[in-house]
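S.K.: Sharing work_22.cif below, mmCIF, C-alpha atoms:
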```
data_final
#
loop_
_atom_site.label_atom_id
_atom_site.label_comp_id
_atom_site.auth_asym_id
_atom_site.auth_seq_id
_atom_site.Cartn_x
_atom_site.Cartn_y
_atom_site.Cartn_z
CA LEU A 1 33.98 -7.77 -55.96
CA LEU A 2 37.59 -8.67 -55.22
CA VAL A 3 36.65 -12.38 -55.25
CA THR A 4 34.94 -11.90 -58.62
CA ALA A 5 37.83 -9.92 -60.09
CA GLY A 6 40.46 -12.33 -58.78
CA THR A 7 38.55 -15.36 -60.04
CA ALA A 8 37.99 -13.77 -63.46
CA TYR A 9 41.67 -12.92 -63.81
CA TYR A 10 42.76 -16.39 -62.70
CA ALA A 11 40.25 -18.09 -65.01
CA ALA A 12 41.53 -16.09 -67.97
CA SER A 13 45.25 -16.35 -67.24
CA SER A 14 45.27 -20.06 -66.33
CA GLY A 15 43.14 -21.31 -69.22
CA LEU A 16 40.39 -22.41 -66.84
CA TYR A 17 37.90 -20.14 -68.61
CA PHE A 18 38.23 -21.97 -71.93
CA SER A 19 38.15 -25.35 -70.22
CA LEU A 20 34.88 -24.49 -68.50
CA MET A 21 33.24 -22.93 -71.53
CA SER A 22 33.18 -26.18 -73.49
CA GLY A 23 30.29 -28.61 -73.21
CA MET A 24 28.18 -28.66 -70.06
CA GLY A 25 30.65 -26.41 -68.22
CA TYR A 26 29.17 -23.45 -70.09
CA TRP A 27 25.73 -24.10 -68.61
CA LEU A 28 27.16 -24.77 -65.17
CA VAL A 29 29.02 -21.45 -65.12
CA LEU A 30 25.99 -19.65 -66.57
CA LEU A 31 23.41 -21.07 -64.13
CA ALA A 32 25.43 -21.53 -60.92
CA PRO A 33 25.14 -17.86 -59.83
CA PHE A 34 21.35 -18.11 -60.06
CA ALA A 35 21.41 -21.21 -57.88
CA PHE A 36 23.37 -19.39 -55.19
CA ILE A 37 20.97 -16.43 -55.35
CA LEU A 38 18.00 -18.75 -54.84
CA VAL A 39 19.68 -20.63 -51.99
CA MET A 40 20.50 -17.39 -50.17
CA ASN A 41 17.05 -15.84 -50.65
CA TYR A 42 15.00 -18.89 -49.78
CA GLY A 43 17.33 -20.22 -47.11
CA ILE A 44 17.68 -17.05 -45.07
CA GLU A 45 15.89 -18.52 -42.06
CA LYS A 46 17.38 -22.02 -42.34
CA LEU A 47 21.02 -21.34 -43.23
CA SER A 48 23.61 -20.28 -40.70
CA VAL A 49 25.55 -17.05 -41.15
CA SER A 50 28.61 -19.13 -42.15
CA ALA A 51 26.60 -21.01 -44.78
CA MET A 52 25.18 -17.74 -46.14
CA THR A 53 28.69 -16.27 -46.28
CA MET A 54 29.98 -19.31 -48.18
CA CYS A 55 27.06 -19.06 -50.62
CA PHE A 56 27.81 -15.39 -51.20
CA LEU A 57 31.51 -16.06 -51.81
CA ALA A 58 30.64 -18.99 -54.11
CA PHE A 59 28.26 -16.69 -55.99
CA ALA A 60 31.02 -14.08 -56.38
CA GLY A 61 33.46 -16.76 -57.55
CA THR A 62 31.11 -18.20 -60.16
CA MET A 63 30.42 -14.68 -61.41
CA GLY A 64 34.18 -14.32 -61.82
CA LEU A 65 34.33 -17.55 -63.81
CA SER A 66 31.64 -16.29 -66.15
CA LEU A 67 33.36 -12.92 -66.56
CA GLY A 68 36.80 -14.38 -67.31
CA GLY A 69 36.23 -13.83 -71.03
CA ILE A 70 36.39 -10.05 -70.72
CA PHE A 71 40.18 -10.33 -70.40
CA PHE A 72 40.25 -11.78 -73.91
CA ALA A 73 37.88 -9.22 -75.41
CA TYR A 74 39.23 -6.01 -73.84
CA SER A 75 42.53 -4.56 -72.74
CA LEU A 76 43.38 -4.38 -69.05
CA GLY A 77 43.36 -0.57 -69.34
CA SER A 78 39.81 -0.58 -70.74
CA ILE A 79 38.61 -2.92 -68.00
CA PHE A 80 40.20 -0.69 -65.33
CA GLN A 81 38.69 2.46 -66.86
CA VAL A 82 35.18 0.98 -66.93
CA PHE A 83 35.64 -0.28 -63.36
CA LEU A 84 36.54 3.24 -62.18
CA ILE A 85 33.58 4.81 -63.98
CA THR A 86 31.22 2.18 -62.59
CA ALA A 87 32.63 2.44 -59.06
CA GLY A 88 32.31 6.24 -59.14
CA THR A 89 28.73 6.11 -60.39
CA PHE A 90 27.89 3.46 -57.80
CA GLY A 91 29.40 5.55 -55.00
CA VAL A 92 27.49 8.69 -55.99
CA MET A 93 24.17 6.86 -56.33
CA ALA A 94 24.66 4.92 -53.10
CA PHE A 95 25.34 8.21 -51.31
CA ALA A 96 22.27 9.75 -52.92
CA GLY A 97 20.10 6.79 -51.97
CA TYR A 98 21.39 6.80 -48.41
CA THR A 99 20.99 10.52 -47.78
CA THR A 100 17.83 11.43 -49.70
CA LYS A 101 14.67 12.15 -47.76
CA VAL A 102 12.51 11.17 -50.74
CA ASP A 103 10.89 7.74 -50.39
CA LEU A 104 12.21 5.63 -53.31
CA SER A 105 9.89 2.65 -52.63
CA ARG A 106 7.60 3.36 -55.58
CA MET A 107 10.59 3.94 -57.83
CA GLY A 108 11.86 0.42 -57.01
CA SER A 109 8.85 -1.33 -58.52
CA LEU A 110 9.03 0.84 -61.64
CA LEU A 111 12.75 0.16 -62.01
CA PHE A 112 12.16 -3.58 -61.62
CA MET A 113 9.52 -3.46 -64.39
CA GLY A 114 12.03 -1.54 -66.51
CA LEU A 115 14.60 -4.25 -65.81
CA ILE A 116 12.16 -6.92 -67.03
CA GLY A 117 11.61 -4.80 -70.15
CA ILE A 118 15.38 -4.57 -70.74
CA ILE A 119 15.72 -8.34 -70.43
CA ILE A 120 12.88 -8.96 -72.89
CA ALA A 121 14.26 -6.37 -75.33
CA SER A 122 17.70 -7.99 -75.07
CA ILE A 123 16.26 -11.41 -75.91
CA VAL A 124 14.35 -9.96 -78.86
CA ASN A 125 17.46 -8.12 -80.06
CA TRP A 126 19.47 -11.32 -79.82
CA PHE A 127 17.43 -12.53 -82.78
CA MET A 128 17.04 -9.17 -84.55
CA GLY A 129 20.60 -7.91 -84.20
CA SER A 130 19.61 -4.23 -84.34
CA ALA A 131 22.46 -1.85 -83.48
CA MET A 132 19.99 0.93 -82.63
CA LEU A 133 18.00 -1.31 -80.26
CA GLU A 134 21.26 -2.44 -78.64
CA TYR A 135 22.20 1.21 -78.11
CA LEU A 136 18.79 2.00 -76.56
CA ILE A 137 19.02 -1.09 -74.34
CA SER A 138 22.44 0.11 -73.14
CA ILE A 139 21.14 3.57 -72.27
CA GLY A 140 18.07 2.11 -70.55
CA GLY A 141 20.22 -0.36 -68.64
CA VAL A 142 22.51 2.37 -67.31
CA LEU A 143 19.54 4.47 -66.17
CA ILE A 144 17.69 1.53 -64.60
CA PHE A 145 20.70 0.12 -62.75
CA THR A 146 21.77 3.58 -61.58
CA GLY A 147 18.32 4.08 -60.08
CA LEU A 148 18.35 0.59 -58.56
CA VAL A 149 21.58 1.38 -56.69
CA ALA A 150 19.91 4.38 -55.02
CA TYR A 151 16.74 2.38 -54.30
CA ASP A 152 18.60 -0.63 -52.87
CA THR A 153 20.84 1.57 -50.73
CA GLN A 154 17.82 3.32 -49.23
CA ARG A 155 16.12 -0.04 -48.67
CA LEU A 156 19.24 -1.36 -46.92
CA ARG A 157 19.35 1.70 -44.70
CA ARG A 158 15.76 1.00 -43.67
CA ILE A 159 16.56 -2.65 -43.02
CA ALA A 160 19.48 -1.58 -40.85
CA GLU A 161 17.16 0.73 -38.94
CA GLY A 162 14.87 -2.26 -38.33
CA VAL A 163 11.94 -0.85 -40.30
CA GLU A 164 11.22 -3.77 -42.62
CA TYR A 165 12.33 -6.99 -40.90
CA GLY A 166 12.16 -8.35 -37.40
CA ALA A 167 13.73 -11.59 -36.22
CA ILE A 168 16.24 -12.41 -38.96
CA ALA A 169 19.87 -12.11 -37.89
CA PRO A 170 21.45 -8.78 -38.90
CA MET A 171 24.47 -10.50 -40.51
CA LYS A 172 22.18 -12.51 -42.80
CA LEU A 173 20.40 -9.33 -43.83
CA ALA A 174 23.77 -7.70 -44.49
CA LEU A 175 24.69 -10.60 -46.80
CA LEU A 176 21.40 -10.31 -48.68
CA GLY A 177 21.98 -6.57 -48.92
CA ALA A 178 25.45 -7.14 -50.34
CA LEU A 179 23.92 -9.55 -52.84
CA ALA A 180 21.27 -7.01 -53.85
CA LEU A 181 23.86 -4.29 -54.42
CA TYR A 182 26.14 -6.73 -56.25
CA LEU A 183 23.35 -7.60 -58.64
#
```
Have the structure of the file written as structure tokens, please.
M.R.:
Amino acid sequence: LLVTAGTAYYAASSGLYFSLMSGMGYWLVLLAPFAFILVMNYGIEKLSVSAMTMCFLAFAGTMGLSLGGIFFAYSLGSIFQVFLITAGTFGVMAFAGYTTKVDLSRMGSLLFMGLIGIIIASIVNWFMGSAMLEYLISIGGVLIFTGLVAYDTQRLRRIAEGVEYGAIAPMKLALLGALALYL
């Protein structure tokens, strides 16, 4: 997150953000994070730990490039306030996911379906421009991502306990876990 925040701030303050957002740079910044996600997920057995780490840092950096525009849309105080609220919510839900005895496995598939629904509704609302639908999408997004933090944290605890995976290096799994929580 520090790499993302630092890159976003640098991109905004140096003018790099506006340089990249013109022409094909827009698509590069938009699609590059997805490329790094795919490389990490499908290359887990082939990539070294160093290569996985570099992919994760490159992912975080490209996310920062794409988020550089928030410094033009919002005040630094607003950004900090939202960061604190988000970090607090994340911490509480990660703690809940880590400590709960309830199996959240079934909840994960439902939350993922909800996420797909949010994405589809967002695309539809892009054309409709409904303020009410945007509000409902926001509420749904907060609920879905809050639940996903608890689910992913519990899943990572199980991975760490060796329940779900066998021969893959623990550091690689830690990097994929960091990616899952980041997303």
S.K.: Work out how far apart atom CA of A:Val92 and atom CA of A:Leu104 are and give it in Å to one decimal.
M.R.: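 Computing the Euclidean distance for atom CA of A:Val92 and atom CA of A:Leu104 yields 15.8 Å.
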S.K.: Name all residues at most 10 Å from stretch 10-26 of chain A (count all atoms listed in the file; drop same-chain ones fewer than 3 positions away) and give them as a list in words.
M.R.: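 Here the qualifying residues turn out to be Thr4, Ala5, Gly6, Thr7, Val29, Leu30, Leu31, Gly64, Leu65, Ser66, Leu67, Gly68, Gly69, Ile70, Phe71 and Phe72 of chain A.
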S.K.: Go through A:Gly117, A:Arg155, A:Ile139, A:Ala87 and flag the residue nearest A:Leu176, using only C-alpha atoms for the distances.
M.R.: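 Going through A:Gly117, A:Arg155, A:Ile139, A:Ala87 one by one, the smallest distance to A:Leu176 is for A:Arg155.
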S.K.: Step by step, work through what the PyMOL selection byres ((chain A and resi 153) around 8) selects in the shown file, and finish by giving those residues as a count of residues only.
M.R.: 12
S.K.: Please measure the separation of atom CA of A:Ala8 and atom CA of A:Tyr74, giving the value in Å to one decimal.
M.R.: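 Separating atom CA of A:Ala8 from atom CA of A:Tyr74 is a distance of 13.0 Å.
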S.K.: Extract, using all atoms listed in the file, all DNA, RNA and protein residues at most 7 Å from A:Met40, discarding same-chain residues fewer than 4 positions from it, and format them as a PyMOL selection string.
M.R.: chain A and resi 36+44+52+55
S.K.: Could you list, as an MDAnalysis selection string, every residue within 12 Å of A:Gly43, counting all atoms listed in the file and ignoring same-chain residues fewer than 3 positions away?
M.R.: chainID A and resid 35:40 46:49 51:52 55 168 172:173 176
S.K.: Mind pulling up the distance from atom CA of A:Leu148 to atom CA of A:Ala131?
M.R.: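 Between atom CA of A:Ala131 and atom CA of A:Leu148 the gap is 25.4 Å.
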S.K.: Rank nothing, just name the residue among A:Met93, A:Leu133, A:Ile159, A:Leu111 nearest to A:Met171, using all atoms listed in the file.
M.R.: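 Closest residue, counting all atoms listed in the file: A:Ile159.
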S.K.: Could you tell me which of A:Gly147, A:Leu136, A:Val3, A:Gly88 comes closest to A:Arg106 if we count all atoms listed in the file?
M.R.: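 Nearest candidate to A:Arg106 out of A:Gly147, A:Leu136, A:Val3, A:Gly88: A:Gly147.
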